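Asks: Input: one structure, supplied below.
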Amino acid sequence: MKTFNLAALALLSALLSVLGVGISRASLGETEAQCVAKYGSEFDVKDGLGYDVVGDRAVTYHLKTASGSLNLRVVFLQGTVAHEEISSADQSHLLSEGQMKTLLDTESAGLKWGKRNSIFRTDNSGTTYGTEKWSRSDGAIAKFWVTAKAGSQDMSGQMELSTKRFADAKAFFDKQDGAN
């Protein structure tokens with residue numbers, strides 16, 4: 001059984017590498033020390049985020065993958081990753097919907113993601129934009145912020161992941177601010 005598990009892990013790792021997504025990235029619940037061990041230097045560090053802002057510390061990591069570089073903005077809440085924003089470092093080559101789904105799968109924590117709802121709009125130029133929302137049984141949520149050029153079915157964009165605790169606190173502050 002252990003041989004099968006190791007083979008499955010190696011196959012998953014190879015598949016993610018081909019898709020340009022590395023397994024080693026911040027995961028919800030990891031500590032800052034674990035993130036620093038994976039990526040080294042932190043950039044754009046902000047401490048004491050203040051009232052009406054969820055989280056204690058926000059940092060950015062830059063990751064290189066087979067298909068390009070990623071920016072990973074992480075918000076820590078009481079010492080663990082509570083929120084991640086993942087985008088391509090090259091804004092002319094956004095994350096594909098397939099890449100976002102692969103990243104979502106690596107963030108499953110042994111639980112299944114279920115698609116909640118999607119909201120899309122098309123403007124006068126024919127460009128489509130919107131969000132796809134996902135949730136896990138433990139309350140974690142994910143959002144894909146996507147766009148597609150006129151006449152194209154290929155959606156691309158960026159994504160964010162949040163723990164239930166972060167999402168609940170954010171919703172509370174948004175409601176207070178009238179953003180909901």
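Ordering of the structure tokens sets the chain letters (A, B, ...), residue numbers begin anew at 1 in every chain, and ligands are numbered from 1 in the order given.
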Env of A:Gly98: 10 Å cut, atoms = only C-alpha atoms, seq-sep filter 5 positions within chain, self excluded. Answer as a VMD selection string.
Replies: chain A and resid 19 103 to 104 154 to 156
Asks: Please provide as a ChimeraX atom specification all residues within 12 Å of stretch 120-124 of chain A, with the sequence filter that same-chain residues fewer than 6 positions apart are discarded (counting only C-alpha atoms).
Replies: /A:130-133,144-152,155
Asks: Looking only at strand (DSSP E or B) from DSSP on the backbone, list the matching residues of chain A as a ChimeraX atom specification.
Replies: /A:31,43-47,57-65,68-77,80-88,95-96,113-122,128-136,141-148,156-162
Asks: Which distance in Å separates atom CA of A:His83 and atom CA of A:Leu161, to one decimal?
Replies: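 Separating atom CA of A:His83 from atom CA of A:Leu161 is a distance of 5.6 Å.
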Asks: Go through A:Asn117, A:Ser162, A:Gln78, A:Asn71 and flag the residue nearest A:Asp90, using only C-alpha atoms for the distances.
Replies: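 Going through A:Asn117, A:Ser162, A:Gln78, A:Asn71 one by one, the smallest distance to A:Asp90 is for A:Asn71.
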Asks: Check the smallest atom-to-atom distance from each of A:Ala171, A:Ile141, A:Leu94, A:Leu77 to A:Arg116 using only C-alpha atoms, then report the winner.
Replies: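 Smallest distance to A:Arg116 is found for A:Ile141.
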Asks: Considering only C-alpha atoms, return as a ChimeraX atom specification whatever protein or nucleic-acid residues lie within 12 Å of A:Arg73, sequence-local ones (same chain, fewer than 3 positions apart) excluded.
Replies: /A:25-27,35,42-46,57-63,70,76,81-89,158-162
Asks: Which polymer residues have any atom within 12 Å of an atom of A:Ala169, counting only C-alpha atoms, with same-chain residues fewer than 2 positions away left out, as a PyMOL selection string?
Replies: chain A and resi 51-55+77+82-83+162-167+171-176
Asks: Have a look at atom CA of A:Ser92 and atom CA of A:Leu72 and let me know their distance in Å, one decimal.
Replies: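 Between atom CA of A:Ser92 and atom CA of A:Leu72 the gap is 16.9 Å.
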Asks: With distances taken over only C-alpha atoms, which residue among A:Lys115, A:Arg136, A:Lys143, A:Lys64 lies nearest A:Met100?
Replies: A:Lys143
Asks: For the structure I just gave you, how does DSSP split stretch 2-177 of chain A - specifically, which residues are helix (DSSP H, G or I)? Reply as an MDAnalysis selection string.
Replies: chainID A and resid 2:18 32:39 97:106 164:177
Asks: Taking only C-alpha atoms into account, name the residue in A:Asp47, A:Thr80, A:Ser67, A:Val75 that is nearest to A:Gly29.
Replies: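 Residue with the minimum atom-to-atom distance to A:Gly29: A:Thr80.
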Asks: Mind pulling up the distance from atom CA of A:Asp138 to atom CA of A:Val36?
Replies: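 Taking atom CA of A:Val36 as the start and atom CA of A:Asp138 as the end point, the length is 25.9 Å.
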